[in-house]
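Colleague: Below: one structure in structure tokens.
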Amino acid sequence: MQPVTASVGAPDLKDRLDVLLTYLPSFLSSHGEIVSAVFLLIVALAVLLGVSVYVCLAVWLERKISADMQDRLGPMRVGWHGVVQMLVDPVKLALKEDLCPGAADRPFFMLAPFVVLAASFATFAVMPFSAAFILADLDIGVLYVASVGAGVLVGLVMAGWASNNKWALFSAIRTIAMLVSYEIPVGLSIVTVVMMVGSLSTQKIVLAQLSDAGMAGWHLFRFPPVFMVSFLVFFIAGLAEVNRTPFDLAEADSELVAGFHTEYSGMRWSFFFLAEYADMLIVSMLGTVLYLGGWAPLTVTRPLTIDFWVFWGMAALLAWYLHWLWTRIYLPRGEYGLIVVQTAILIAIALALLVVPSLAWFLIKSLALIFVMMWLRWTLPRPRIDQLMYLCWKVLIPVAFVNLFVVGVMRLYWR
Amino acid sequence: MQYVEDIFRTLLTCAQGMRITMRHLLFTDNITVQYPDHKRVLPERFRGVLHADSTKCTGCTLCARACPVNCIIIEFEGKGKDRRVARFEIDISTCMWCGLCVEACRESAIETTLEYEISCYVQDDMRLKFGLGPKKEQLPAERAEPPAPQAPSSGQTGGPSTPPESPGGSAPGGQQP
């Protein structure tokens with residue numbers, strides 16, 4: 001049957017659709033790579049969308065957390081506790097005028113936000129969201145993150161230089177000095193993990209941390225305290241990599257007006273913002289992959305074995321004991337109903353932890369690290385530039401080197 | 001050794017700082033309130049906007065003299081029993097809320113209120129006028145007055161306009177911003 005011949009003069013929409021539906025399946029089945037490419041594109045767009053949603057959420061969370069830490073209220077007007085602020089902020093930014101200073105280097109000025117954004121979004125390609133959900137399981141995954149993530153530096157320097165503004169240029173100079181320096185401790189602490197696993201693939205690093213012992217298999221708890229120090233070095237240096245307070249010297253608002261994004265406005269400015277929060281997520285995800293077991297669930301034992309019931313039974317006993325301590329002081333004795341409820345809740349938690357999907361575990365762990373970043377931001381003041389360099393070159397790098405050596409020796413003798 | 005000690009002290013102080021912020025995040029109540037919906041209960045002796053009772057006022061100008069920023073203008077007229085406060089103006093945009101005028105007043109005629117929402121669109125609204133105004137028989141004369149001061153003041157634009165009800169001639173020259 002040829003549906004095309006039915007209407008020669010002017011094929012209407014229905015005929016075109018018929019043609020498409022007739023020939024598309026056979027075309028796709030003979031060109032499998034197109035199917036997978038389209039599928040990858042869709043998944044990539046989903047990740048892009050997810051990261052954008054996360055950024056909106058994180059901005060709102062940061063505002064609420066910072067407000068609560070300073071005994072303020074934060075956004076309260078738009079929706080319940082200002083939740084709708086998440087949607088309103090991007091709309092406001094999109095409606096703002098996109099300015100370009102007259103003396104700026106126009107092409108580079110216009111391009112810089114996209115370079116920053118592209119560099120930070122490209123790193124999500126190798127993030128193992130779960131056992132199956134990874135866009136590209138590269139053999140050099142961690143190296144890819146470190147190298148492509150450094151593309152952010154290029155974008156920031158472009159923005160700082162093209163703005164033709166002395167503060168923006170100062171900011172660009174500081175960014176170079178800081179990011180290039182802090183790449184070293186990050187790299188050295190990544191290498192410790194890579195030495196343990198023997199692979200740069202992010203998925204293999206996560207798989208290496210899966211064990212019957214649950215959390216005890218995570219790299220963080222390997223050879224204590226060696227890998228804890230390694231994680232600390234990674235996290236501190238990662239904080240500096242993403243230009244977050246206390247290491248936000250590149251956009252120190254009290255010295256350099258707003259650093260490299262002084263001259264930007266509207267959507268282009270928001271791209272820098274988006275990239276900053278995406279970078280936070282990348283460092284958190286990388287820390288999760290390298291040290292916190294990636295998408296591995298937060299269990300201490302293998303599910304539904306004797307160990308599992310022993311662990312949760314101990315937890316129940318502990319809860320009973322604590323409850324007894326509590327009631328002996330505050331409540332009348334003999335509240336057995338409460339104990340039953342407690343046990344039921346504990347069993348529910350134990351079973352609920354089993355069904356939490358690995359994707360959720362990965363996101364929970366990453367968001368927990370992001371919370372720590374926000375926590376640090378609203379706790380610590382900003383160091384001077386020389387103190388920053390001291391921290392990197394005289395503290396983090398020596399510590400990372402010693403750590404690397406210790407891990408090498410450990411790996412040699414204990415496996 | 002100093003080096004190692006510094007590192008540990010850095011970590012320790014960071015942890016201390018983080019403990020404090022976490023305590024504020026979890027346990028400390030918010031100090032700020034949703035302002036137009038909720039307002040904080042003001043202390044009894046809160047020094048808000050000044051209020052003057054011209055019927056109590058004797059026109060002694062002690063408050064105007066006590067004022068460090070000269071924001072009180074008092075004009076009086078008549079003698080003996082006819083003496084009355086014709087003009088009693090407090091420029092609340094100049095006032096610095098020190099309360100010295102309240103302490104200076106022997107008749108408790110001027111006092112602070114709990115009012116603090118004083119935003120307005122015209123600066124002249126910031127001049128609180130408590131005077132009893134000129135006597136009745138002076139009113140026509142005063143109505144005829146305004147065109148005369150208006151003409152010279154139109155030359156110096158931008159300056160704060162003198163209040164139109166100011167009785168000409170008897171002004172003590174207290175208002176020259």
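Residue numbering restarts at 1 in every chain; chains get A, B, ... in the order shown in the structure tokens, and ligands count up from 1 in that same order.
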Could you give me, as CSV, a per-residue list for chain B showing, wherever an atom lies at most 8 Å from an atom of chain A, the closest pair of atoms and their distance in Å to one decimal, using only C-alpha atoms and sorting by chain then residue number from low to high?
Modeller:
```
residue,atom,partner,partner_atom,distance
B:Ile7,CA,A:Val395,CA,7.8
B:Cys14,CA,A:Leu380,CA,7.3
B:Gly17,CA,A:Thr379,CA,5.9
B:Met18,CA,A:Thr379,CA,5.9
B:Thr21,CA,A:Met69,CA,5.4
B:Met22,CA,A:Met69,CA,6.9
B:Arg23,CA,A:Met69,CA,8.0
B:His24,CA,A:Met69,CA,5.1
B:Leu25,CA,A:Met69,CA,4.4
B:Leu26,CA,A:Asp68,CA,8.0
B:Thr28,CA,A:Asp71,CA,6.9
B:Asp29,CA,A:Asp71,CA,6.4
B:Asn30,CA,A:Asp71,CA,4.2
B:Ile31,CA,A:Asp71,CA,5.6
B:Thr32,CA,A:Arg72,CA,5.4
B:Val33,CA,A:Leu73,CA,7.3
```
Colleague: Store the residues picked out above in a file with N, CA, C and O atoms, as an mmCIF file, in the first residue's frame.
Modeller:
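Okay, this is what ended up in selection15.cif:
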```
data_model
loop_
_atom_site.group_PDB
_atom_site.id
_atom_site.type_symbol
_atom_site.label_atom_id
_atom_site.label_comp_id
_atom_site.auth_asym_id
_atom_site.auth_seq_id
_atom_site.Cartn_x
_atom_site.Cartn_y
_atom_site.Cartn_z
ATOM 1 N N ILE B 7 46.604 24.369 62.149
ATOM 2 C CA ILE B 7 45.639 23.609 61.355
ATOM 3 C C ILE B 7 44.525 23.089 62.249
ATOM 4 O O ILE B 7 43.325 23.242 61.943
ATOM 5 N N CYS B 14 36.380 26.469 63.111
ATOM 6 C CA CYS B 14 35.348 26.308 62.083
ATOM 7 C C CYS B 14 34.189 25.506 62.652
ATOM 8 O O CYS B 14 33.019 25.861 62.476
ATOM 9 N N GLY B 17 32.168 27.607 64.992
ATOM 10 C CA GLY B 17 31.303 28.525 64.257
ATOM 11 C C GLY B 17 30.116 27.815 63.659
ATOM 12 O O GLY B 17 28.983 28.301 63.708
ATOM 13 N N MET B 18 30.360 26.634 63.104
ATOM 14 C CA MET B 18 29.268 25.881 62.489
ATOM 15 C C MET B 18 28.260 25.458 63.548
ATOM 16 O O MET B 18 27.056 25.418 63.291
ATOM 17 N N THR B 21 26.039 28.517 64.190
ATOM 18 C CA THR B 21 25.031 28.784 63.148
ATOM 19 C C THR B 21 23.958 27.710 63.161
ATOM 20 O O THR B 21 22.787 27.999 62.943
ATOM 21 N N MET B 22 24.352 26.449 63.436
ATOM 22 C CA MET B 22 23.353 25.387 63.465
ATOM 23 C C MET B 22 22.395 25.595 64.632
ATOM 24 O O MET B 22 21.195 25.351 64.511
ATOM 25 N N ARG B 23 22.933 26.075 65.747
ATOM 26 C CA ARG B 23 22.066 26.336 66.891
ATOM 27 C C ARG B 23 21.044 27.412 66.533
ATOM 28 O O ARG B 23 19.872 27.308 66.875
ATOM 29 N N HIS B 24 21.509 28.436 65.809
ATOM 30 C CA HIS B 24 20.564 29.485 65.426
ATOM 31 C C HIS B 24 19.567 28.983 64.405
ATOM 32 O O HIS B 24 18.413 29.398 64.407
ATOM 33 N N LEU B 25 20.015 28.086 63.527
ATOM 34 C CA LEU B 25 19.104 27.547 62.511
ATOM 35 C C LEU B 25 18.006 26.724 63.163
ATOM 36 O O LEU B 25 16.837 26.811 62.790
ATOM 37 N N LEU B 26 18.372 25.921 64.164
ATOM 38 C CA LEU B 26 17.413 24.957 64.700
ATOM 39 C C LEU B 26 16.641 25.490 65.897
ATOM 40 O O LEU B 26 15.433 25.292 65.991
ATOM 41 N N THR B 28 17.006 28.770 67.754
ATOM 42 C CA THR B 28 16.703 30.161 68.088
ATOM 43 C C THR B 28 15.506 30.642 67.277
ATOM 44 O O THR B 28 15.434 30.405 66.081
ATOM 45 N N ASP B 29 14.593 31.331 67.961
ATOM 46 C CA ASP B 29 13.436 31.871 67.257
ATOM 47 C C ASP B 29 13.863 33.061 66.409
ATOM 48 O O ASP B 29 14.836 33.740 66.718
ATOM 49 N N ASN B 30 13.086 33.300 65.353
ATOM 50 C CA ASN B 30 13.391 34.436 64.512
ATOM 51 C C ASN B 30 13.074 35.719 65.260
ATOM 52 O O ASN B 30 12.071 35.802 65.972
ATOM 53 N N ILE B 31 13.942 36.701 65.069
ATOM 54 C CA ILE B 31 13.737 37.984 65.735
ATOM 55 C C ILE B 31 12.866 38.885 64.887
ATOM 56 O O ILE B 31 12.022 39.601 65.397
ATOM 57 N N THR B 32 13.044 38.832 63.578
ATOM 58 C CA THR B 32 12.276 39.706 62.710
ATOM 59 C C THR B 32 10.836 39.232 62.632
ATOM 60 O O THR B 32 10.534 38.067 62.869
ATOM 61 N N VAL B 33 9.937 40.165 62.304
ATOM 62 C CA VAL B 33 8.523 39.823 62.153
ATOM 63 C C VAL B 33 8.060 40.266 60.781
ATOM 64 O O VAL B 33 8.723 41.051 60.111
#
```
Colleague: Please identify all polymer residues within 12 Å of Val4 of chain B, counting only C-alpha atoms, omitting same-chain residues fewer than 2 positions from it, and present them as a PyMOL selection string.
Modeller: (chain A and resi 394-395+398-399) or (chain B and resi 1-2+6-11)
Colleague: Hey, what's within 10 Å of segment 341-346 of chain A if we count only C-alpha atoms and toss same-chain stuff fewer than 5 positions away? As a PyMOL selection string, please?
Modeller: chain A and resi 312-313+315-317+319-320+323+336+351-352
Colleague: Enumerate, as a ChimeraX atom specification, the complete set of residues in segment 39-154 of chain B that a backbone-based DSSP assignment places in strand (DSSP E or B).
Modeller: /B:50-52,72-77,84-91,110-112,127-129
Colleague: For Trp295 of chain A, list every protein, DNA or RNA residue within 10 Å, evaluated using only C-alpha atoms, and leave out those in the same chain fewer than 4 positions away; present the list as a PyMOL selection string.
Modeller: chain A and resi 128-131+203+206-207+209-210+285+288-289+357-366
Colleague: Kindly indicate which residue among B:Asp82, B:Asp91, B:Glu44, B:Glu103 lies nearest to Cys63 of chain B, using only C-alpha atoms for the distances.
Modeller: B:Glu103
Colleague: With distances taken over only C-alpha atoms, which residue among A:Val83, A:Leu40, A:Met178, A:Leu99 lies nearest Phe133 of chain A?
Modeller: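 Using only C-alpha atoms, the shortest distance to Phe133 of chain A belongs to A:Leu40.
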Colleague: So which residues touch Met110 of chain A within 9 Å, counting only C-alpha atoms, skipping near sequence neighbours fewer than 6 positions away, as a ChimeraX atom specification?
Modeller: /A:100,159,162,268
Colleague: What are the DSSP alpha helix (DSSP H) residues of segment 157-297 of chain A, as a ChimeraX atom specification?
Modeller: /A:157-162,166-197,202-208,226-241,266-291
Colleague: Return the single residue from A:Thr262, A:Ser52, A:Ser199, A:Thr22 that is closest to Leu138 of chain A, with distances computed using only C-alpha atoms.
Modeller: A:Ser199
Colleague: Extract, using only C-alpha atoms, all DNA, RNA and protein residues at most 8 Å from Leu153 of chain A, discarding same-chain residues fewer than 6 positions from it, and format them as a PyMOL selection string.
Modeller: chain A and resi 116+175-176+179
Colleague: Hey, can you spit out that residue selection with N, CA, C and O atoms as a PDB file, in the first residue's frame?
Modeller:
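Output below, filename selection_21.pdb:
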```pdb
ATOM      1  N   VAL A 116      30.675  29.409  30.430  1.00  0.00           N
ATOM      2  CA  VAL A 116      30.627  28.974  31.829  1.00  0.00           C
ATOM      3  C   VAL A 116      29.541  27.923  32.010  1.00  0.00           C
ATOM      4  O   VAL A 116      29.761  26.856  32.597  1.00  0.00           O
ATOM      5  N   THR A 175      40.493  34.750  40.035  1.00  0.00           N
ATOM      6  CA  THR A 175      39.911  33.466  39.669  1.00  0.00           C
ATOM      7  C   THR A 175      40.975  32.533  39.122  1.00  0.00           C
ATOM      8  O   THR A 175      41.041  31.358  39.496  1.00  0.00           O
ATOM      9  N   ILE A 176      41.832  33.077  38.227  1.00  0.00           N
ATOM     10  CA  ILE A 176      42.884  32.232  37.659  1.00  0.00           C
ATOM     11  C   ILE A 176      43.775  31.701  38.774  1.00  0.00           C
ATOM     12  O   ILE A 176      44.008  30.494  38.896  1.00  0.00           O
ATOM     13  N   LEU A 179      41.725  29.168  41.070  1.00  0.00           N
ATOM     14  CA  LEU A 179      41.283  27.897  40.498  1.00  0.00           C
ATOM     15  C   LEU A 179      42.460  27.030  40.099  1.00  0.00           C
ATOM     16  O   LEU A 179      42.452  25.821  40.315  1.00  0.00           O
TER      17      LEU A 179
END
```
Colleague: Using only C-alpha atoms, pick whichever of B:Glu5, B:Glu107, B:Asp124, B:Glu117 has the shortest atom-to-atom distance to Lys39 of chain B.
Modeller: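 Comparing B:Glu5, B:Glu107, B:Asp124, B:Glu117 against Lys39 of chain B, the winner is B:Glu117.
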Colleague: From the list A:Ala122, A:Val154, A:Leu290, A:Ala368, which residue is nearest Met195 of chain A when using only C-alpha atoms?
Modeller: A:Leu290
Colleague: Choose the residue, out of B:Arg87, B:His51, B:Lys129, B:His38, that has the smallest atom-to-atom separation from Glu115 of chain B; count only C-alpha atoms.
Modeller: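 Distance minimum relative to Glu115 of chain B lands on B:His51.
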Colleague: Can you tell me how far atom CA of Ile184 of chain A sits from atom CA of Ile397 of chain A, in Å to one decimal?
Modeller: 6.9 Å
